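*Asks:* This is the structure I want to talk about, given as structure tokens.
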Amino acid sequence: MDKNYIIDQLKKQIENFETKTQTEKVGTVLEVGDGVAKISGLTDVMASEMLEFSNGIYGVALNLEEGQIGAMILGEFSGIKEGDSVKSTGKILSIPVGENMIGRVINPLGQAIDGKGEIVSDKFYPIEKIAPGVITRQSVNQPVQTGIKAIDAMIPVGRGQRELIIGDRQTGKTAIAIDAIINQKGQNMKCIYVAIGQKESKIARIVAELEKKGAMEYTTIVLAGASDPAAFSFVAPYSGCALGEYFMDKGEDVLVIYDDLSKHAWSYRQISLILKRPPGREAYPGDVFYLHSRLLERSAKLNKDFGGGSITALPIIETQAGDVSAYIPTNVISITDGQIYLESDLFYKGIRPALNVGLSVSRVGSAAQTKAMKKVAGKLRLDLAQFRELEAFAQFGSDLDENTRRQIERGRRTVEILKQDQYAPMLMENQVAILYALTNGFLDDVEVSKIKAWEADFQRYLDSSAKEVLTLIAQKKELTEDVVAKLEKAIKDFKDIYQNGN
Amino acid sequence: MKITANQYARALFELVDNRTQQEIDNLVLNMVRIAGKNRQTKLFPKIIEKFNLIWNNKYKISEVEITSREKLDSETENKIGEYIKRKYKTEKVVINNKIDANIIGGIIIKVGDEVLNQSIAEQLKKLSRNLTK
């Protein structure tokens with residue numbers, strides 16, 4: 001290609017270039033600081049309309065007052081001076097959406113930040129949208145398999161549900177969410193992980209892990225880092241949700257994880273206080289409840305007439321020293337359809353995931369649970385409840401009557417089976433098999449300390465030698481008599497081999 | 001309750017409208033006294049701004065700020081004035097011609113917070129954005 005050709009092309013481009021001139025509404029920056037600008041002029045600006053500063057950075061009009069507006073700045077605000085002009089765009093803040101977002105790391109404005117090139121998309125979704133109404137909805141009827149035995153069995157999550165993951169720092173909240181994403185492989189689910197005010201190193205680690213497991217093929221990560229302005233953290237969950245809505249409108253199932261909403265509330269508190277909105281309880285502004293309720297209400301299961309798509313939300317809340325009665329945790333608990341409660345005490349005891357089964361609930365998920373799982377889970381919950389009641393007596397050891405002793409032993413094995421390593425999600429059929437073995441007493445003669453090894457060998461045996469039982473469970477999703485018979489035979493066969501082999 | 005700049009301006013306008021010169025002098029003096037008594041003298045710039053707005057609105061005057069590279073000749077100014085009168089349905093146009101070499105060429109017409117940017121600088125900016133896209 002020669003030089004003249006390029007120059008000719010350029011000339012042609014410039015010749016064909018036409019500018020349309022139209023009157024624009026323009027305001028001037030009165031003051032700017034801490035990511036928020038006060039702007040005069042700009043009559044007729046809409047609430048949460050996108051504004052464009054003279055250096056190309058965008059802002060969002062939040063406070064509309066007499067004579068001036070307060071706007072948050074989406075980006076680097078050090079280049080904005082007093083007296084700069086601000087144009088209104090006439091658009092509500094929107095982000096580009098599309099299939100090519102999948103597998104990428106984007107910022108809350110939909111721009112790629114993973115260095116894999118720009119994302120071009122012609123479709124835009126507004127980040128704030130009113131949630132689907134009653135007539136468009138349907139109750140949950142399909143499970144989300146998280147791949148974690150304790151959750152899938154006792155706190156089932158359905159597609160379209162909002163299940164809160166709550167716990168102190170370092171209790172494995174993110175681990176559960178990431179495991180859930182990894183387990184969605186082949187489950188026909190798009191995943192969106194929204195990181196709000198997270199350390200970029202943590203996100204880099206998560207992305208690497210997801211890539212290793214092949215989970216980035218259906219996952220998008222929306223990242224508002226800890227060093228990004230508060231406005232980014234504030235916008236991030238709404239952007240993630242908007243992207244999810246795009247897939248939901250196409251009839252697909254989406255899993256969105258908001259990690260975490262406490263930081264989201266903090267960033268909104270910061271913006272509100274700088275905008276001089278009056279502080280309320282814990283210095284949060286008056287509308288923090290609406291902040292989260294309007295976000296989580298957008299998770300829905302649409303009925304067939306509206307495409308049948310769904311958004312399942314797994315919001316995460318970090319509590320301070322186990323205090324669930326603080327403002328934000330109580331708010332989000334009341335909005336969501338149940339919570340997964342993680343405890344640091346359990347975590348340090350080595351029970352991981354550190355799930356507190358007594359305090360964790362799922363208010364709607366059981367409707368979506370597979371029949372096979374429901375059958376084993378009922379007994380499991382009973383075993384655990386009885387065990388907790390009797391646990392205090394466990395130290396008396398030999399003085400107990402036979403029945404109590406048996407229940408305590410069963411409980412110990414149950415706790416052991418529910419332990420699960422990170423990044424090791426398990427398929428539904430495997431879960432059913434091991435839980436069936438557990439609740440029907442096939443593990444009672446295995447020593448507690450050897451349970452983990454026994455389970456690992458059992459799963460390996462099922463995957464290699466008893467594959468047909470697993471496929472049968474996976475297909476029927478029900479424990480009919482013939483399935484039970486085959487499963488019991490497989491368990492007995494394995495026990496014979498295992499005990500003789502040792 | 002504190003009186004806002006807007007309220008001062010409205011009160012002033014209603015008082016001074018259709019009065020003689022002497023009456024106005026007295027009224028304005030009175031108003032300054034009241035503002036002083038309320039310790040609101042720092043509101044004056046705002047009051048003047050608002051008063052201007054109310055006055056222009058009532059008498060259908062548009063104030064136009066035209067930025068150009070060189071001073072506009074009276075014919076062009078008249079043409080623009082006619083255009084503004086038609087566009088904003090006003091009867092009188094006050095033109096304030098600003099000279100700015102940075103716009104390279106063309107004009108920028110500003111009425112209130114509405115801007116019609118027809119400068120070469122702006123078009124070059126749009127072109128560069130279009131080419132780099």
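Residue names in the structure tokens use chain letters A, B, ... in the order shown, residue numbers from 1 in each chain, and ligand numbers from 1 in the order shown.
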If you count only C-alpha atoms, which residues fall within 6 Å of region 65-81 of chain B, apart from same-chain ones fewer than 2 positions away, as a VMD selection string?
*Replies:* chain B and resid 83 to 84 93 96 to 101 105 107 to 110
*Asks:* Write out as an MDAnalysis selection string each polymer residue whose atoms come within 12 Å of Lys125 (chain B), counting only C-alpha atoms; drop sequence neighbours fewer than 5 positions from it.
*Replies:* (chainID A and resid 19 54:56) or (chainID B and resid 103:104 117:120 130:132)
*Asks:* For the residues in the current selection, export N, CA and C atoms as a PDB file, in the first residue's frame.
*Replies:*
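The resulting file, part-v8.pdb, is shown below:
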ATOM      1  N   THR A  19     -20.645  18.381   9.357  1.00  0.00           N
ATOM      2  CA  THR A  19     -21.057  18.548  10.752  1.00  0.00           C
ATOM      3  C   THR A  19     -22.479  19.062  10.764  1.00  0.00           C
ATOM      4  N   SER A  54     -16.181  19.603  29.066  1.00  0.00           N
ATOM      5  CA  SER A  54     -15.477  20.050  27.866  1.00  0.00           C
ATOM      6  C   SER A  54     -14.273  19.173  27.535  1.00  0.00           C
ATOM      7  N   ASN A  55     -13.742  18.423  28.511  1.00  0.00           N
ATOM      8  CA  ASN A  55     -12.607  17.560  28.183  1.00  0.00           C
ATOM      9  C   ASN A  55     -13.039  16.142  27.817  1.00  0.00           C
ATOM     10  N   GLY A  56     -14.342  15.972  27.549  1.00  0.00           N
ATOM     11  CA  GLY A  56     -14.808  14.681  27.053  1.00  0.00           C
ATOM     12  C   GLY A  56     -15.238  13.704  28.130  1.00  0.00           C
TER      13      GLY A  56
ATOM     14  N   ILE B 103     -11.000  30.679  18.185  1.00  0.00           N
ATOM     15  CA  ILE B 103     -12.021  29.900  17.491  1.00  0.00           C
ATOM     16  C   ILE B 103     -11.718  29.761  16.002  1.00  0.00           C
ATOM     17  N   ILE B 104     -10.633  30.374  15.554  1.00  0.00           N
ATOM     18  CA  ILE B 104     -10.107  30.282  14.189  1.00  0.00           C
ATOM     19  C   ILE B 104     -11.021  30.945  13.162  1.00  0.00           C
ATOM     20  N   ASN B 117     -22.847  26.469  18.136  1.00  0.00           N
ATOM     21  CA  ASN B 117     -21.414  26.564  17.906  1.00  0.00           C
ATOM     22  C   ASN B 117     -21.103  26.300  16.445  1.00  0.00           C
ATOM     23  N   GLN B 118     -20.785  27.357  15.718  1.00  0.00           N
ATOM     24  CA  GLN B 118     -20.446  27.222  14.304  1.00  0.00           C
ATOM     25  C   GLN B 118     -19.023  27.677  14.062  1.00  0.00           C
ATOM     26  N   SER B 119     -18.159  27.400  15.028  1.00  0.00           N
ATOM     27  CA  SER B 119     -16.779  27.858  14.863  1.00  0.00           C
ATOM     28  C   SER B 119     -15.961  26.780  14.166  1.00  0.00           C
ATOM     29  N   ILE B 120     -14.899  27.220  13.500  1.00  0.00           N
ATOM     30  CA  ILE B 120     -14.020  26.272  12.814  1.00  0.00           C
ATOM     31  C   ILE B 120     -13.353  25.359  13.838  1.00  0.00           C
ATOM     32  N   ASN B 130     -14.029  12.183  14.791  1.00  0.00           N
ATOM     33  CA  ASN B 130     -14.603  11.262  13.828  1.00  0.00           C
ATOM     34  C   ASN B 130     -13.528  10.398  13.171  1.00  0.00           C
ATOM     35  N   LEU B 131     -12.376  11.013  12.918  1.00  0.00           N
ATOM     36  CA  LEU B 131     -11.313  10.283  12.231  1.00  0.00           C
ATOM     37  C   LEU B 131     -10.646   9.275  13.160  1.00  0.00           C
ATOM     38  N   THR B 132     -10.533   9.621  14.429  1.00  0.00           N
ATOM     39  CA  THR B 132      -9.846   8.696  15.334  1.00  0.00           C
ATOM     40  C   THR B 132     -10.751   7.557  15.774  1.00  0.00           C
TER      41      THR B 132
END
*Asks:* Using only C-alpha atoms, select each residue of chain A with any atom at most 7 Å away from an atom of chain B, and give the selection as a PyMOL selection string.
*Replies:* chain A and resi 19+21-27+41-42
*Asks:* Could you save those same residues with N, CA and C atoms as an mmCIF file, in the first residue's frame?
*Replies:*
data_model
loop_
_atom_site.group_PDB
_atom_site.id
_atom_site.type_symbol
_atom_site.label_atom_id
_atom_site.label_comp_id
_atom_site.auth_asym_id
_atom_site.auth_seq_id
_atom_site.Cartn_x
_atom_site.Cartn_y
_atom_site.Cartn_z
ATOM 1 N N THR A 19 -20.645 18.381 9.357
ATOM 2 C CA THR A 19 -21.057 18.548 10.752
ATOM 3 C C THR A 19 -22.479 19.062 10.764
ATOM 4 N N THR A 21 -25.069 21.140 12.795
ATOM 5 C CA THR A 21 -25.025 22.109 13.875
ATOM 6 C C THR A 21 -26.404 22.240 14.466
ATOM 7 N N GLN A 22 -26.447 22.122 15.756
ATOM 8 C CA GLN A 22 -27.714 22.349 16.421
ATOM 9 C C GLN A 22 -27.442 23.053 17.727
ATOM 10 N N THR A 23 -28.461 23.735 18.196
ATOM 11 C CA THR A 23 -28.237 24.442 19.451
ATOM 12 C C THR A 23 -28.115 23.415 20.568
ATOM 13 N N GLU A 24 -27.193 23.692 21.459
ATOM 14 C CA GLU A 24 -26.985 22.797 22.588
ATOM 15 C C GLU A 24 -27.198 23.565 23.869
ATOM 16 N N LYS A 25 -27.691 22.832 24.860
ATOM 17 C CA LYS A 25 -27.795 23.445 26.179
ATOM 18 C C LYS A 25 -26.425 23.351 26.843
ATOM 19 N N VAL A 26 -25.958 24.470 27.314
ATOM 20 C CA VAL A 26 -24.627 24.477 27.899
ATOM 21 C C VAL A 26 -24.676 25.133 29.274
ATOM 22 N N GLY A 27 -23.977 24.546 30.204
ATOM 23 C CA GLY A 27 -23.855 25.134 31.535
ATOM 24 C C GLY A 27 -22.404 25.383 31.856
ATOM 25 N N GLY A 41 -26.741 26.955 34.953
ATOM 26 C CA GLY A 41 -27.281 26.881 33.604
ATOM 27 C C GLY A 41 -27.921 25.527 33.392
ATOM 28 N N LEU A 42 -27.849 25.013 32.163
ATOM 29 C CA LEU A 42 -28.399 23.699 31.848
ATOM 30 C C LEU A 42 -29.865 23.574 32.272
#
*Asks:* Fewer than 3 positions away in the same chain doesn't count, so skip those; otherwise give me all residues within 12 Å of region 7-24 of chain B, counting only C-alpha atoms, as a PyMOL selection string.
*Replies:* chain B and resi 1-4+27-32+34-35+38+40-41+43-59
*Asks:* Those residues you just picked out, can you put them in a file as a compact mmCIF listing (two decimals), in the first residue's frame with C-alpha atoms?
*Replies:*
# COMPACT_ATOMS: atom_id res chain seq x y z
CA MET B 1 -37.22 32.98 56.80
CA LYS B 2 -34.42 34.20 54.60
CA ILE B 3 -35.37 36.05 51.46
CA THR B 4 -33.83 34.58 48.32
CA LEU B 27 -37.19 52.32 45.71
CA VAL B 28 -33.79 50.94 44.86
CA LEU B 29 -32.27 52.77 47.79
CA ASN B 30 -34.91 51.30 50.07
CA MET B 31 -34.30 47.84 48.80
CA VAL B 32 -30.54 48.17 49.35
CA ILE B 34 -33.48 46.28 53.58
CA ALA B 35 -30.93 43.88 52.15
CA ASN B 38 -30.94 41.53 56.65
CA GLN B 40 -27.76 39.88 52.60
CA THR B 41 -25.67 42.34 50.64
CA LEU B 43 -26.73 38.52 47.21
CA PHE B 44 -26.51 41.65 45.02
CA PRO B 45 -24.76 40.07 42.02
CA LYS B 46 -27.38 37.34 42.00
CA ILE B 47 -30.22 39.81 42.40
CA ILE B 48 -28.97 41.80 39.44
CA GLU B 49 -28.68 38.62 37.37
CA LYS B 50 -32.21 37.51 38.26
CA PHE B 51 -33.60 41.00 37.73
CA ASN B 52 -32.10 41.02 34.25
CA LEU B 53 -33.76 37.71 33.51
CA ILE B 54 -37.17 38.87 34.68
CA TRP B 55 -36.89 42.17 32.84
CA ASN B 56 -35.80 40.52 29.58
CA ASN B 57 -38.56 37.99 29.89
CA LYS B 58 -41.24 40.63 30.39
CA TYR B 59 -40.11 42.95 27.60
*Asks:* What's the separation between CA of Ala195 (chain A) and CA of Asn107 (chain A), in Å to one decimal place?
*Replies:* 9.6 Å
*Asks:* Quick check for you: according to DSSP on this backbone, which residues of region 136-316 of chain A are classed as alpha helix (DSSP H)? Reply as number ranges by chain.
*Replies:* A: 149-154, 173-182, 200-212, 230-249, 261-274, 288-296
*Asks:* At a cut-off of 7 Å, using only C-alpha atoms, what residues contact region 257-266 of chain A? Leave out same-chain residues fewer than 6 positions from it and give the result as a list in words.
*Replies:* Ala177, Ile192, Tyr193, Val194, Ala195, Ile196, Gly197, Ser233, Phe234, Pro237, Val288, Ala313, Leu314, Pro315, Ile316, Ile317, Glu318 and Ile328 of chain A
*Asks:* Tell me, as number ranges by chain, which residues lie within 12 Å of Val256 (chain A), counting only C-alpha atoms; anything in the same chain fewer than 6 positions away does not count.
*Replies:* A: 144, 159-164, 177-178, 180-181, 184, 189-195, 218-222, 236-245, 247-248, 295-296, 298-300, 310-316
*Asks:* Using C-alpha atoms, can you write the selected residues to a file as a PDB file, in the first residue's frame?
*Replies:*
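The resulting out03.pdb:
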ATOM      1  CA  VAL A 144     -29.398 -22.669  39.842  1.00  0.00           C
ATOM      2  CA  ARG A 159     -33.429 -18.999  38.585  1.00  0.00           C
ATOM      3  CA  GLY A 160     -34.760 -15.495  39.146  1.00  0.00           C
ATOM      4  CA  GLN A 161     -34.171 -15.563  42.894  1.00  0.00           C
ATOM      5  CA  ARG A 162     -32.161 -13.083  44.929  1.00  0.00           C
ATOM      6  CA  GLU A 163     -30.073 -14.877  47.509  1.00  0.00           C
ATOM      7  CA  LEU A 164     -27.874 -12.835  49.791  1.00  0.00           C
ATOM      8  CA  ALA A 177     -19.894 -16.848  44.281  1.00  0.00           C
ATOM      9  CA  ILE A 178     -16.916 -17.870  42.146  1.00  0.00           C
ATOM     10  CA  ALA A 180     -21.223 -20.889  41.555  1.00  0.00           C
ATOM     11  CA  ILE A 181     -19.911 -19.247  38.366  1.00  0.00           C
ATOM     12  CA  GLN A 184     -22.501 -22.887  35.451  1.00  0.00           C
ATOM     13  CA  MET A 189     -26.285 -19.585  31.990  1.00  0.00           C
ATOM     14  CA  LYS A 190     -24.570 -16.255  31.404  1.00  0.00           C
ATOM     15  CA  CYS A 191     -22.654 -14.970  34.419  1.00  0.00           C
ATOM     16  CA  ILE A 192     -21.846 -11.398  35.345  1.00  0.00           C
ATOM     17  CA  TYR A 193     -19.526 -10.710  38.227  1.00  0.00           C
ATOM     18  CA  VAL A 194     -19.755  -7.112  39.425  1.00  0.00           C
ATOM     19  CA  ALA A 195     -16.780  -6.102  41.550  1.00  0.00           C
ATOM     20  CA  TYR A 218     -19.786 -17.259  29.552  1.00  0.00           C
ATOM     21  CA  THR A 219     -18.736 -14.647  32.103  1.00  0.00           C
ATOM     22  CA  THR A 220     -18.379 -10.883  32.049  1.00  0.00           C
ATOM     23  CA  ILE A 221     -16.642  -9.010  34.831  1.00  0.00           C
ATOM     24  CA  VAL A 222     -17.724  -5.452  35.585  1.00  0.00           C
ATOM     25  CA  ALA A 236     -21.227  -0.600  38.641  1.00  0.00           C
ATOM     26  CA  PRO A 237     -24.092  -2.817  39.903  1.00  0.00           C
ATOM     27  CA  TYR A 238     -26.611  -1.016  37.726  1.00  0.00           C
ATOM     28  CA  SER A 239     -24.381  -1.481  34.678  1.00  0.00           C
ATOM     29  CA  GLY A 240     -23.993  -5.161  35.477  1.00  0.00           C
ATOM     30  CA  CYS A 241     -27.735  -5.464  35.831  1.00  0.00           C
ATOM     31  CA  ALA A 242     -28.332  -3.614  32.541  1.00  0.00           C
ATOM     32  CA  LEU A 243     -26.049  -6.076  30.777  1.00  0.00           C
ATOM     33  CA  GLY A 244     -27.938  -8.918  32.456  1.00  0.00           C
ATOM     34  CA  GLU A 245     -31.236  -7.465  31.297  1.00  0.00           C
ATOM     35  CA  PHE A 247     -29.545 -11.306  27.948  1.00  0.00           C
ATOM     36  CA  MET A 248     -32.753 -11.757  29.931  1.00  0.00           C
ATOM     37  CA  LEU A 295     -31.387  -2.864  41.958  1.00  0.00           C
ATOM     38  CA  LEU A 296     -32.403  -6.255  43.343  1.00  0.00           C
ATOM     39  CA  ARG A 298     -34.654  -6.085  38.632  1.00  0.00           C
ATOM     40  CA  SER A 299     -33.795  -9.752  39.157  1.00  0.00           C
ATOM     41  CA  ALA A 300     -36.739 -11.665  37.862  1.00  0.00           C
ATOM     42  CA  SER A 310     -34.256 -14.722  34.167  1.00  0.00           C
ATOM     43  CA  ILE A 311     -31.766 -12.828  36.264  1.00  0.00           C
ATOM     44  CA  THR A 312     -30.610 -14.520  39.426  1.00  0.00           C
ATOM     45  CA  ALA A 313     -28.847 -12.190  41.823  1.00  0.00           C
ATOM     46  CA  LEU A 314     -26.309 -13.173  44.427  1.00  0.00           C
ATOM     47  CA  PRO A 315     -25.621  -9.943  46.289  1.00  0.00           C
ATOM     48  CA  ILE A 316     -22.836 -10.059  48.859  1.00  0.00           C
TER      49      ILE A 316
END
*Asks:* Using CA of Gly309 (chain A) and CA of Arg137 (chain A) as the two end points, give the distance in Å to one decimal.
*Replies:*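 Separating CA of Gly309 (chain A) from CA of Arg137 (chain A) is a distance of 9.8 Å.
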*Asks:* Any idea what's packed within 10 Å of Ala437 (chain A), counting only C-alpha atoms, ignoring anything in its chain fewer than 3 positions away? Could you give it as a VMD selection string?
*Replies:* chain A and resid 376 431 to 434 440 to 444 455 487 to 488 491 to 492
*Asks:* Measure the distance from CA of Leu64 (chain A) to CA of Arg277 (chain A) in Å and round it to one decimal.
*Replies:* 11.9 Å
*Asks:* Report as a VMD selection string all protein, DNA and RNA residues lying within 8 Å of Lys81 (chain A), evaluated on only C-alpha atoms, omitting residues in the same chain fewer than 2 positions from it.
*Replies:* chain A and resid 29 31 to 32 78 to 79 83 to 84
*Asks:* Taking the DSSP secondary structure from the backbone, can you list the residues of region 68-123 of chain B that are strand (DSSP E or B), as a VMD selection string?
*Replies:* chain B and resid 68 92 to 99 106 to 111 114 to 119
